[in-house]
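S.K.: Contents of data_25.cif (mmCIF, C-alpha atoms):
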data_target
loop_
_atom_site.group_PDB
_atom_site.id
_atom_site.type_symbol
_atom_site.label_atom_id
_atom_site.label_comp_id
_atom_site.auth_asym_id
_atom_site.auth_seq_id
_atom_site.Cartn_x
_atom_site.Cartn_y
_atom_site.Cartn_z
ATOM 1 C CA MET A 1 0.000 0.000 0.000
ATOM 2 C CA GLY A 2 2.807 2.383 0.965
ATOM 3 C CA THR A 3 4.662 1.530 -2.254
ATOM 4 C CA THR A 4 1.539 2.273 -4.336
ATOM 5 C CA LYS A 5 1.107 5.701 -2.725
ATOM 6 C CA LYS A 6 4.776 6.438 -3.265
ATOM 7 C CA ASN A 7 4.584 5.473 -6.946
ATOM 8 C CA ALA A 8 1.471 7.613 -7.422
ATOM 9 C CA THR A 9 3.233 10.582 -5.844
ATOM 10 C CA GLU A 10 6.252 10.105 -8.092
ATOM 11 C CA VAL A 11 4.021 9.880 -11.192
ATOM 12 C CA ASN A 12 2.158 13.070 -10.221
ATOM 13 C CA ALA A 13 5.446 14.853 -9.600
ATOM 14 C CA THR A 14 6.756 13.710 -12.985
ATOM 15 C CA VAL A 15 3.588 14.875 -14.770
ATOM 16 C CA SER A 16 3.790 18.224 -12.972
ATOM 17 C CA VAL A 17 7.419 18.707 -14.043
ATOM 18 C CA GLU A 18 6.596 17.740 -17.637
ATOM 19 C CA GLN A 19 3.673 20.175 -17.760
ATOM 20 C CA GLU A 20 5.873 22.965 -16.434
ATOM 21 C CA THR A 21 8.596 22.086 -18.959
ATOM 22 C CA LYS A 22 6.133 22.099 -21.865
ATOM 23 C CA GLU A 23 4.809 25.581 -21.085
ATOM 24 C CA LYS A 24 5.240 27.653 -24.218
ATOM 25 C CA LYS A 25 6.194 31.312 -24.039
ATOM 26 C CA CYS A 26 5.240 34.104 -26.425
ATOM 27 C CA PHE A 27 7.161 37.385 -26.363
ATOM 28 C CA ALA A 28 5.099 40.512 -27.040
ATOM 29 C CA ILE A 29 7.104 42.936 -29.172
ATOM 30 C CA MET A 30 5.132 46.165 -29.026
ATOM 31 C CA PRO A 31 5.221 49.866 -28.096
ATOM 32 C CA ILE A 32 5.395 50.430 -24.329
ATOM 33 C CA ALA A 33 5.910 54.172 -23.904
ATOM 34 C CA GLU A 34 3.059 56.619 -24.498
ATOM 35 C CA HIS A 35 2.611 57.924 -28.051
ATOM 36 C CA PRO A 36 1.230 61.404 -28.917
ATOM 37 C CA ASP A 37 -1.152 59.956 -31.528
ATOM 38 C CA TYR A 38 -2.778 57.624 -29.011
ATOM 39 C CA GLU A 39 -4.555 58.053 -25.680
ATOM 40 C CA ASN A 40 -2.496 57.450 -22.551
ATOM 41 C CA GLY A 41 -2.414 53.794 -21.637
ATOM 42 C CA HIS A 42 -3.574 52.702 -25.104
ATOM 43 C CA PHE A 43 -0.915 50.052 -25.705
ATOM 44 C CA SER A 44 -1.249 48.701 -22.174
ATOM 45 C CA ARG A 45 -4.912 48.117 -22.982
ATOM 46 C CA VAL A 46 -3.934 46.450 -26.261
ATOM 47 C CA TYR A 47 -1.638 44.133 -24.298
ATOM 48 C CA ASN A 48 -4.066 43.321 -21.466
ATOM 49 C CA HIS A 49 -7.310 43.061 -23.434
ATOM 50 C CA LEU A 50 -6.161 41.787 -26.833
ATOM 51 C CA ILE A 51 -2.688 40.262 -26.967
ATOM 52 C CA LYS A 52 -2.673 38.539 -23.588
ATOM 53 C CA PRO A 53 -6.101 36.844 -23.960
ATOM 54 C CA ALA A 54 -5.241 35.708 -27.507
ATOM 55 C CA CYS A 55 -1.921 34.179 -26.415
ATOM 56 C CA GLU A 56 -3.470 32.431 -23.437
ATOM 57 C CA LYS A 57 -6.270 31.066 -25.619
ATOM 58 C CA ALA A 58 -3.617 29.634 -27.985
ATOM 59 C CA GLY A 59 -1.801 27.999 -25.052
ATOM 60 C CA PHE A 60 1.060 30.460 -24.572
ATOM 61 C CA LYS A 61 2.297 32.288 -21.517
ATOM 62 C CA VAL A 62 2.842 35.827 -22.775
ATOM 63 C CA VAL A 63 5.662 38.072 -21.532
ATOM 64 C CA ARG A 64 6.450 41.709 -22.272
ATOM 65 C CA ALA A 65 9.639 43.724 -21.838
ATOM 66 C CA ASP A 66 8.352 45.674 -18.839
ATOM 67 C CA ASP A 67 7.268 42.500 -17.012
ATOM 68 C CA ALA A 68 10.817 42.327 -15.616
ATOM 69 C CA LYS A 69 11.087 43.738 -12.081
ATOM 70 C CA ALA A 70 14.698 44.920 -12.353
ATOM 71 C CA SER A 71 14.882 47.904 -14.706
ATOM 72 C CA HIS A 72 18.684 47.839 -14.908
ATOM 73 C CA MET A 73 18.596 44.453 -16.671
ATOM 74 C CA ILE A 74 15.669 45.106 -19.041
ATOM 75 C CA MET A 75 17.775 44.974 -22.238
ATOM 76 C CA PHE A 76 19.184 41.592 -21.237
ATOM 77 C CA ASP A 77 15.656 40.282 -20.669
ATOM 78 C CA ILE A 78 14.511 41.615 -24.050
ATOM 79 C CA LEU A 79 17.372 39.955 -25.947
ATOM 80 C CA LYS A 80 16.901 36.709 -24.031
ATOM 81 C CA ASN A 81 13.184 36.604 -24.850
ATOM 82 C CA ILE A 82 13.782 37.491 -28.503
ATOM 83 C CA VAL A 83 16.081 34.500 -28.935
ATOM 84 C CA GLU A 84 14.538 31.934 -26.580
ATOM 85 C CA CYS A 85 10.736 32.362 -26.663
ATOM 86 C CA ASP A 86 8.826 29.761 -28.671
ATOM 87 C CA MET A 87 6.732 32.442 -30.346
ATOM 88 C CA ALA A 88 6.616 36.215 -30.703
ATOM 89 C CA ILE A 89 3.736 38.540 -31.494
ATOM 90 C CA CYS A 90 4.771 41.870 -32.972
ATOM 91 C CA ASP A 91 2.516 44.946 -33.020
ATOM 92 C CA LEU A 92 3.624 47.223 -35.856
ATOM 93 C CA SER A 93 1.241 50.028 -34.863
ATOM 94 C CA SER A 94 2.776 53.522 -34.627
ATOM 95 C CA LYS A 95 5.972 52.336 -36.406
ATOM 96 C CA ASN A 96 7.924 52.240 -33.142
ATOM 97 C CA ALA A 97 11.707 52.088 -33.714
ATOM 98 C CA ASN A 98 12.340 49.686 -30.807
ATOM 99 C CA VAL A 99 9.684 47.329 -32.160
ATOM 100 C CA PHE A 100 11.351 47.127 -35.584
ATOM 101 C CA TYR A 101 14.766 46.645 -33.983
ATOM 102 C CA GLU A 102 13.483 43.716 -31.913
ATOM 103 C CA LEU A 103 11.584 42.282 -34.892
ATOM 104 C CA GLY A 104 14.792 42.463 -36.956
ATOM 105 C CA LEU A 105 16.680 40.493 -34.311
ATOM 106 C CA ARG A 106 13.897 37.924 -34.128
ATOM 107 C CA GLN A 107 13.943 37.511 -37.920
ATOM 108 C CA ALA A 108 17.731 37.222 -37.971
ATOM 109 C CA PHE A 109 17.313 34.000 -35.959
ATOM 110 C CA ASN A 110 14.359 32.934 -38.169
ATOM 111 C CA LYS A 111 12.146 32.503 -35.100
ATOM 112 C CA LYS A 112 8.389 32.054 -35.394
ATOM 113 C CA THR A 113 6.618 35.411 -35.223
ATOM 114 C CA ILE A 114 3.182 36.741 -36.101
ATOM 115 C CA LEU A 115 2.469 40.357 -37.011
ATOM 116 C CA ILE A 116 -0.477 42.520 -35.976
ATOM 117 C CA THR A 117 -1.335 46.172 -36.593
ATOM 118 C CA ASP A 118 -4.175 48.586 -35.957
ATOM 119 C CA GLY A 119 -3.942 49.849 -39.550
ATOM 120 C CA ARG A 120 -3.516 53.520 -38.613
ATOM 121 C CA THR A 121 -0.043 53.513 -40.182
ATOM 122 C CA ASN A 122 1.152 51.836 -43.368
ATOM 123 C CA THR A 123 3.130 48.605 -43.071
ATOM 124 C CA PRO A 124 6.774 49.070 -44.194
ATOM 125 C CA PHE A 125 7.518 47.653 -47.639
ATOM 126 C CA ASP A 126 10.180 45.187 -46.447
ATOM 127 C CA ILE A 127 7.650 43.199 -44.397
ATOM 128 C CA SER A 128 4.478 43.982 -46.352
ATOM 129 C CA GLY A 129 4.626 40.544 -47.958
ATOM 130 C CA PHE A 130 4.044 38.757 -44.664
ATOM 131 C CA ARG A 131 0.545 38.052 -43.401
ATOM 132 C CA TYR A 132 -0.690 40.007 -40.420
ATOM 133 C CA VAL A 133 -3.859 40.495 -38.382
ATOM 134 C CA LYS A 134 -5.411 43.945 -38.501
ATOM 135 C CA TYR A 135 -7.206 44.782 -35.249
ATOM 136 C CA ASP A 136 -9.628 47.576 -34.386
ATOM 137 C CA HIS A 137 -7.685 50.333 -32.564
ATOM 138 C CA SER A 138 -10.864 51.439 -30.764
ATOM 139 C CA LEU A 139 -10.761 48.146 -28.803
ATOM 140 C CA ARG A 140 -14.560 47.888 -28.809
ATOM 141 C CA ILE A 141 -15.655 44.743 -27.003
ATOM 142 C CA ASP A 142 -17.310 43.189 -30.075
ATOM 143 C CA SER A 143 -14.269 43.914 -32.246
ATOM 144 C CA VAL A 144 -11.808 42.727 -29.608
ATOM 145 C CA LEU A 145 -13.500 39.324 -29.316
ATOM 146 C CA ASN A 146 -13.230 38.788 -33.071
ATOM 147 C CA ASP A 147 -9.632 40.027 -33.146
ATOM 148 C CA ILE A 148 -8.692 37.681 -30.293
ATOM 149 C CA ASP A 149 -10.016 34.725 -32.287
ATOM 150 C CA GLU A 150 -8.060 35.785 -35.394
ATOM 151 C CA ILE A 151 -4.821 36.299 -33.505
ATOM 152 C CA CYS A 152 -5.274 33.009 -31.645
ATOM 153 C CA ALA A 153 -5.819 31.171 -34.949
ATOM 154 C CA MET A 154 -2.668 32.672 -36.480
ATOM 155 C CA LEU A 155 -0.632 31.817 -33.360
ATOM 156 C CA SER A 156 -1.796 28.196 -33.486
ATOM 157 C CA GLU A 157 -1.220 27.894 -37.227
ATOM 158 C CA THR A 158 2.276 29.361 -36.984
ATOM 159 C CA ASP A 159 3.126 27.202 -33.976
ATOM 160 C CA GLU A 160 2.075 24.020 -35.798
ATOM 161 C CA ALA A 161 3.934 24.927 -38.999
ATOM 162 C CA SER A 162 7.191 23.188 -39.889
ATOM 163 C CA GLU A 163 10.470 24.663 -38.675
ATOM 164 C CA ASP A 164 11.411 24.936 -42.352
ATOM 165 C CA ASP A 165 8.515 27.302 -42.989
ATOM 166 C CA VAL A 166 9.332 30.876 -44.009
ATOM 167 C CA ASN A 167 9.306 32.931 -40.813
ATOM 168 C CA SER A 168 11.503 35.766 -42.039
ATOM 169 C CA ILE A 169 13.240 37.401 -44.975
ATOM 170 C CA VAL A 170 16.358 35.501 -43.882
ATOM 171 C CA LYS A 171 14.612 32.209 -44.661
ATOM 172 C CA LEU A 172 13.015 33.639 -47.799
ATOM 173 C CA LEU A 173 16.439 34.561 -49.195
ATOM 174 C CA LYS A 174 17.908 31.240 -47.997
ATOM 175 C CA ILE A 175 20.449 32.987 -45.805
ATOM 176 C CA GLN A 176 21.917 31.077 -42.876
ATOM 177 C CA PRO A 177 20.068 32.262 -39.729
ATOM 178 C CA ALA A 178 22.030 33.738 -36.849
ATOM 179 C CA ASN A 179 23.141 31.311 -34.168
ATOM 180 C CA ILE A 180 24.369 31.659 -30.593
ATOM 181 C CA GLU A 181 27.169 29.258 -29.745
ATOM 182 C CA GLY A 182 27.428 27.985 -26.192
ATOM 183 C CA VAL A 183 30.542 28.973 -24.242
ATOM 184 C CA GLN A 184 32.048 26.749 -21.561
ATOM 185 C CA LEU A 185 33.184 28.933 -18.660
ATOM 186 C CA ASN A 186 36.275 28.052 -16.694
ATOM 187 C CA GLU A 187 36.239 27.973 -12.896
ATOM 188 C CA GLN A 188 37.296 31.615 -12.510
ATOM 189 C CA ASP A 189 34.767 32.924 -15.058
ATOM 190 C CA SER A 190 32.026 30.832 -13.473
ATOM 191 C CA LEU A 191 32.795 32.371 -10.089
ATOM 192 C CA ILE A 192 32.675 35.905 -11.537
ATOM 193 C CA PHE A 193 29.401 35.149 -13.327
ATOM 194 C CA THR A 194 27.882 33.821 -10.099
ATOM 195 C CA MET A 195 28.998 36.925 -8.195
ATOM 196 C CA ILE A 196 27.489 39.221 -10.849
ATOM 197 C CA LYS A 197 24.213 37.287 -10.716
ATOM 198 C CA GLN A 198 24.096 37.535 -6.911
ATOM 199 C CA LEU A 199 24.859 41.260 -7.109
ATOM 200 C CA ASP A 200 22.032 41.742 -9.595
ATOM 201 C CA GLU A 201 19.606 39.909 -7.279
ATOM 202 C CA LYS A 202 20.660 42.125 -4.356
ATOM 203 C CA MET A 203 20.191 45.278 -6.449
ATOM 204 C CA THR A 204 16.719 44.081 -7.396
ATOM 205 C CA ARG A 205 15.800 43.568 -3.722
ATOM 206 C CA ILE A 206 17.174 47.003 -2.811
ATOM 207 C CA GLU A 207 15.083 48.640 -5.563
ATOM 208 C CA ARG A 208 11.999 46.800 -4.339
ATOM 209 C CA PHE A 209 12.576 47.839 -0.715
ATOM 210 C CA GLN A 210 13.220 51.469 -1.698
ATOM 211 C CA LYS A 211 9.938 51.510 -3.596
ATOM 212 C CA LYS A 212 8.127 50.169 -0.514
ATOM 213 C CA ASP A 213 9.743 52.857 1.648
ATOM 214 C CA ARG A 214 8.507 55.570 -0.704
ATOM 215 C CA ASN A 215 5.000 54.099 -0.693
ATOM 216 C CA LEU A 216 5.001 53.829 3.093
ATOM 217 C CA GLY A 217 6.147 57.418 3.492
ATOM 218 C CA HIS A 218 3.382 58.594 1.195
ATOM 219 C CA ALA A 219 0.792 56.544 3.081
ATOM 220 C CA LEU A 220 2.008 57.918 6.409
ATOM 221 C CA ASN A 221 1.653 61.511 5.205
ATOM 222 C CA VAL A 222 -1.825 60.828 3.838
ATOM 223 C CA LEU A 223 -2.953 59.135 7.038
ATOM 224 C CA LYS A 224 -1.701 61.933 9.294
ATOM 225 C CA GLY A 225 -3.837 64.384 7.338
ATOM 226 C CA SER A 226 -7.016 62.297 7.767
ATOM 227 C CA PRO A 227 -8.950 63.332 10.903
ATOM 228 C CA THR A 228 -11.429 60.456 11.158
ATOM 229 C CA LEU A 229 -11.145 56.678 11.140
ATOM 230 C CA SER A 230 -13.233 56.274 7.978
ATOM 231 C CA GLU A 231 -11.250 58.958 6.132
ATOM 232 C CA SER A 232 -7.975 57.366 7.269
ATOM 233 C CA ILE A 233 -8.978 53.957 5.966
ATOM 234 C CA ALA A 234 -10.139 55.475 2.672
ATOM 235 C CA ALA A 235 -6.899 57.455 2.329
ATOM 236 C CA PHE A 236 -4.813 54.401 3.110
ATOM 237 C CA GLY A 237 -6.631 52.486 0.387
ATOM 238 C CA LYS A 238 -5.955 55.231 -2.166
ATOM 239 C CA SER A 239 -2.258 55.189 -1.287
ATOM 240 C CA GLY A 240 -1.905 51.815 -3.002
ATOM 241 C CA ILE A 241 -0.803 49.899 0.108
ATOM 242 C CA LYS A 242 -2.968 47.065 1.373
ATOM 243 C CA TRP A 243 -3.703 46.250 4.989
ATOM 244 C CA GLY A 244 -1.879 43.136 6.079
ATOM 245 C CA ASP A 245 0.630 43.095 3.247
ATOM 246 C CA GLU A 246 3.050 40.526 4.598
ATOM 247 C CA GLU A 247 6.113 42.130 3.027
ATOM 248 C CA ILE A 248 5.254 45.543 4.517
ATOM 249 C CA ILE A 249 4.323 44.479 8.049
ATOM 250 C CA ASN A 250 7.587 42.644 8.381
ATOM 251 C CA LYS A 251 9.156 46.070 8.471
ATOM 252 C CA THR A 252 6.491 48.434 9.737
ATOM 253 C CA VAL A 253 3.060 47.744 11.209
ATOM 254 C CA TYR A 254 0.432 50.481 11.039
ATOM 255 C CA SER A 255 -2.841 50.472 12.919
ATOM 256 C CA LEU A 256 -5.504 53.005 13.881
ATOM 257 C CA ASP A 257 -7.052 53.537 17.291
ATOM 258 C CA GLU A 258 -10.752 54.296 17.794
ATOM 259 C CA ASN A 259 -10.107 58.021 17.339
ATOM 260 C CA GLY A 260 -8.418 57.541 13.981
ATOM 261 C CA ASN A 261 -4.904 58.214 15.297
ATOM 262 C CA LEU A 262 -2.053 56.375 13.617
ATOM 263 C CA ILE A 263 -0.103 53.860 15.717
ATOM 264 C CA GLU A 264 3.234 52.809 14.279
ATOM 265 C CA SER A 265 5.383 49.809 15.225
ATOM 266 C CA VAL A 266 8.737 49.260 13.499
ATOM 267 C CA ILE A 267 10.473 45.935 12.891
ATOM 268 C CA ASN A 268 13.922 46.313 11.354
ATOM 269 C CA THR A 269 13.792 43.267 9.091
ATOM 270 C CA TYR A 270 12.275 42.359 5.753
ATOM 271 C CA LYS A 271 10.824 38.989 4.913
ATOM 272 C CA GLU A 272 12.901 37.336 2.195
#
Would you kindly transcribe this structure into structure tokens?
M.R.:
Amino acid sequence: MGTTKKNATEVNATVSVEQETKEKKCFAIMPIAEHPDYENGHFSRVYNHLIKPACEKAGFKVVRADDAKASHMIMFDILKNIVECDMAICDLSSKNANVFYELGLRQAFNKKTILITDGRTNTPFDISGFRYVKYDHSLRIDSVLNDIDEICAMLSETDEASEDDVNSIVKLLKIQPANIEGVQLNEQDSLIFTMIKQLDEKMTRIERFQKKDRNLGHALNVLKGSPTLSESIAAFGKSGIKWGDEEIINKTVYSLDENGNLIESVINTYKE
């Protein structure tokens, strides 16, 4: 009986590992910064309400450049995703220079990529021969649902296509795609690489803690200016900090007495 349970546990663990290994990633190559011809937050809405649902429906975990927490390593993350992701979806809208740069790198490696555009700008001649999905820039709910289905269908079709299929001009012209050769590090280089990686992780934690400190300071100022308990709670909610946030209370615990006065308790450690 014990052996049977053990075998079942091992099988479940193996299936779980295989499922995690098989997870496919799609890199979203698209404008991130605000553009004067579009409303603020437009491309974030395109990502959240169009690209992300379409990728998930096609079985991909979608990632975008600004998903990385550490801003000082964002270019490394972009290049890594360009080369390693199973699929890429590229939004040509607004003719963003960074988008075309990243698309060029992706094509240099002849990696599977689909193109989309809102049609407000003309598609450059060099890539006009490739198929793309044109979506409604207004993001109306009825249009978005149809566009999601079209994008999902193109993702699935491209994913199922042969590796020898034409994914880029490089393949079209029968040019040898770019390739990254693995480098075997010696003991000294491995040690340096490990130290750099650890330093980067520490810098990321420091940035995260500094951001929390700024948020806490803002919340404290807002709370001190709120005379009643109900106003204090409302102000604290607007500050963007949640009651009982386990990462915050490991450093500072805030509470309010019955008169709405702020009570502060400080713990000089962060939870890792």
S.K.: Give me the result of the PyMOL selection byres ((chain A and resi 33-47) around 12) on this file, residue by residue, as a PyMOL selection string.
M.R.: chain A and resi 27-32+48-56+62-67+89-99+116-118+120-121+135-141+144+147-148
S.K.: What does the structure give for the distance between CA of Gly59 in chain A and CA of Glu157 in chain A, in Å to one decimal?
M.R.: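 According to the coordinates, CA of Gly59 in chain A and CA of Glu157 in chain A are separated by 12.2 Å.
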S.K.: Please evaluate the PyMOL selection byres ((chain A and resi 83) around 12) against the structure above and give the resulting residues as a ChimeraX atom specification.
M.R.: /A:25-27,76-82,84-88,102-113,177-180
S.K.: At what distance in Å, to one decimal, does CA of Gly119 in chain A lie from CA of Lys61 in chain A?
M.R.: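 A separation of 25.9 Å between them.
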S.K.: With 6 Å of padding per side, what axis-aligned box (centre and edge lengths, Å, one decimal) covers all the listed atoms of range 142-161 of chain A? Give it as lines of an AutoDock Vina configuration file.
M.R.:
center_x = -6.7
center_y = 34.0
center_z = -34.2
size_x = 33.2
size_y = 31.9
size_z = 21.7
S.K.: Around the point (-3.4, 32.7, -34.5) in the file's coordinates, collect all residues with an atom within 10 Å, using all atoms listed in the file, and return them as an mmCIF file with C-alpha atoms, keeping the file's coordinate frame.
M.R.:
data_model
loop_
_atom_site.group_PDB
_atom_site.id
_atom_site.type_symbol
_atom_site.label_atom_id
_atom_site.label_comp_id
_atom_site.auth_asym_id
_atom_site.auth_seq_id
_atom_site.Cartn_x
_atom_site.Cartn_y
_atom_site.Cartn_z
ATOM 1 C CA ALA A 54 -5.241 35.708 -27.507
ATOM 2 C CA CYS A 55 -1.921 34.179 -26.415
ATOM 3 C CA LYS A 57 -6.270 31.066 -25.619
ATOM 4 C CA ALA A 58 -3.617 29.634 -27.985
ATOM 5 C CA ILE A 89 3.736 38.540 -31.494
ATOM 6 C CA ILE A 114 3.182 36.741 -36.101
ATOM 7 C CA LEU A 115 2.469 40.357 -37.011
ATOM 8 C CA TYR A 132 -0.690 40.007 -40.420
ATOM 9 C CA VAL A 133 -3.859 40.495 -38.382
ATOM 10 C CA ASP A 147 -9.632 40.027 -33.146
ATOM 11 C CA ILE A 148 -8.692 37.681 -30.293
ATOM 12 C CA ASP A 149 -10.016 34.725 -32.287
ATOM 13 C CA GLU A 150 -8.060 35.785 -35.394
ATOM 14 C CA ILE A 151 -4.821 36.299 -33.505
ATOM 15 C CA CYS A 152 -5.274 33.009 -31.645
ATOM 16 C CA ALA A 153 -5.819 31.171 -34.949
ATOM 17 C CA MET A 154 -2.668 32.672 -36.480
ATOM 18 C CA LEU A 155 -0.632 31.817 -33.360
ATOM 19 C CA SER A 156 -1.796 28.196 -33.486
ATOM 20 C CA GLU A 157 -1.220 27.894 -37.227
ATOM 21 C CA THR A 158 2.276 29.361 -36.984
ATOM 22 C CA ASP A 159 3.126 27.202 -33.976
#
S.K.: Could you jot down the CA of Phe130 in chain A to CA of Glu160 in chain A separation for me, Å, one decimal place?
M.R.: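 Computing the Euclidean distance for CA of Phe130 in chain A and CA of Glu160 in chain A yields 17.3 Å.
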S.K.: Taking all heavy atoms as the atom set, what does range 95-103 of chain A look like once completed, written as an mmCIF file, in the frame of the given file?
M.R.:
data_model
loop_
_atom_site.group_PDB
_atom_site.id
_atom_site.type_symbol
_atom_site.label_atom_id
_atom_site.label_comp_id
_atom_site.auth_asym_id
_atom_site.auth_seq_id
_atom_site.Cartn_x
_atom_site.Cartn_y
_atom_site.Cartn_z
ATOM 1 N N LYS A 95 4.612 52.426 -35.822
ATOM 2 C CA LYS A 95 5.972 52.336 -36.406
ATOM 3 C C LYS A 95 7.047 52.673 -35.376
ATOM 4 O O LYS A 95 7.943 53.480 -35.610
ATOM 5 C CB LYS A 95 6.093 53.261 -37.616
ATOM 6 C CG LYS A 95 5.263 52.822 -38.814
ATOM 7 C CD LYS A 95 5.559 53.675 -40.046
ATOM 8 C CE LYS A 95 4.809 53.174 -41.261
ATOM 9 N NZ LYS A 95 5.077 53.975 -42.466
ATOM 10 N N ASN A 96 6.974 52.020 -34.235
ATOM 11 C CA ASN A 96 7.924 52.240 -33.142
ATOM 12 C C ASN A 96 9.298 51.682 -33.504
ATOM 13 O O ASN A 96 9.424 50.526 -33.929
ATOM 14 C CB ASN A 96 7.381 51.566 -31.878
ATOM 15 C CG ASN A 96 8.257 51.792 -30.676
ATOM 16 O OD1 ASN A 96 9.281 51.153 -30.519
ATOM 17 N ND2 ASN A 96 7.839 52.702 -29.806
ATOM 18 N N ALA A 97 10.344 52.494 -33.323
ATOM 19 C CA ALA A 97 11.707 52.088 -33.714
ATOM 20 C C ALA A 97 12.184 50.868 -32.928
ATOM 21 O O ALA A 97 12.816 49.958 -33.499
ATOM 22 C CB ALA A 97 12.668 53.259 -33.504
ATOM 23 N N ASN A 98 11.908 50.827 -31.623
ATOM 24 C CA ASN A 98 12.340 49.686 -30.807
ATOM 25 C C ASN A 98 11.679 48.397 -31.275
ATOM 26 O O ASN A 98 12.287 47.322 -31.270
ATOM 27 C CB ASN A 98 12.001 49.932 -29.329
ATOM 28 C CG ASN A 98 12.864 51.009 -28.716
ATOM 29 O OD1 ASN A 98 14.007 51.192 -29.103
ATOM 30 N ND2 ASN A 98 12.310 51.733 -27.762
ATOM 31 N N VAL A 99 10.418 48.503 -31.678
ATOM 32 C CA VAL A 99 9.684 47.329 -32.160
ATOM 33 C C VAL A 99 10.352 46.751 -33.401
ATOM 34 O O VAL A 99 10.560 45.535 -33.511
ATOM 35 C CB VAL A 99 8.212 47.693 -32.459
ATOM 36 C CG1 VAL A 99 7.523 46.575 -33.240
ATOM 37 C CG2 VAL A 99 7.461 47.968 -31.163
ATOM 38 N N PHE A 100 10.723 47.610 -34.353
ATOM 39 C CA PHE A 100 11.351 47.127 -35.584
ATOM 40 C C PHE A 100 12.747 46.578 -35.320
ATOM 41 O O PHE A 100 13.178 45.619 -35.974
ATOM 42 C CB PHE A 100 11.397 48.239 -36.631
ATOM 43 C CG PHE A 100 10.056 48.527 -37.243
ATOM 44 C CD1 PHE A 100 9.385 49.700 -36.974
ATOM 45 C CD2 PHE A 100 9.458 47.596 -38.080
ATOM 46 C CE1 PHE A 100 8.143 49.953 -37.522
ATOM 47 C CE2 PHE A 100 8.214 47.838 -38.636
ATOM 48 C CZ PHE A 100 7.551 49.020 -38.358
ATOM 49 N N TYR A 101 13.441 47.158 -34.360
ATOM 50 C CA TYR A 101 14.766 46.645 -33.983
ATOM 51 C C TYR A 101 14.641 45.228 -33.432
ATOM 52 O O TYR A 101 15.377 44.315 -33.832
ATOM 53 C CB TYR A 101 15.397 47.570 -32.948
ATOM 54 C CG TYR A 101 16.700 47.061 -32.372
ATOM 55 C CD1 TYR A 101 17.873 47.051 -33.128
ATOM 56 C CD2 TYR A 101 16.760 46.593 -31.059
ATOM 57 C CE1 TYR A 101 19.060 46.586 -32.604
ATOM 58 C CE2 TYR A 101 17.955 46.123 -30.526
ATOM 59 C CZ TYR A 101 19.097 46.127 -31.298
ATOM 60 O OH TYR A 101 20.278 45.653 -30.772
ATOM 61 N N GLU A 102 13.680 45.031 -32.530
ATOM 62 C CA GLU A 102 13.483 43.716 -31.913
ATOM 63 C C GLU A 102 12.958 42.706 -32.930
ATOM 64 O O GLU A 102 13.348 41.535 -32.911
ATOM 65 C CB GLU A 102 12.529 43.842 -30.727
ATOM 66 C CG GLU A 102 13.118 44.641 -29.565
ATOM 67 C CD GLU A 102 12.084 45.043 -28.526
ATOM 68 O OE1 GLU A 102 11.041 44.357 -28.434
ATOM 69 O OE2 GLU A 102 12.323 46.036 -27.798
ATOM 70 N N LEU A 103 12.078 43.163 -33.835
ATOM 71 C CA LEU A 103 11.584 42.282 -34.892
ATOM 72 C C LEU A 103 12.730 41.854 -35.803
ATOM 73 O O LEU A 103 12.810 40.689 -36.221
ATOM 74 C CB LEU A 103 10.500 42.992 -35.703
ATOM 75 C CG LEU A 103 9.964 42.232 -36.924
ATOM 76 C CD1 LEU A 103 9.327 40.909 -36.513
ATOM 77 C CD2 LEU A 103 8.964 43.094 -37.686
#
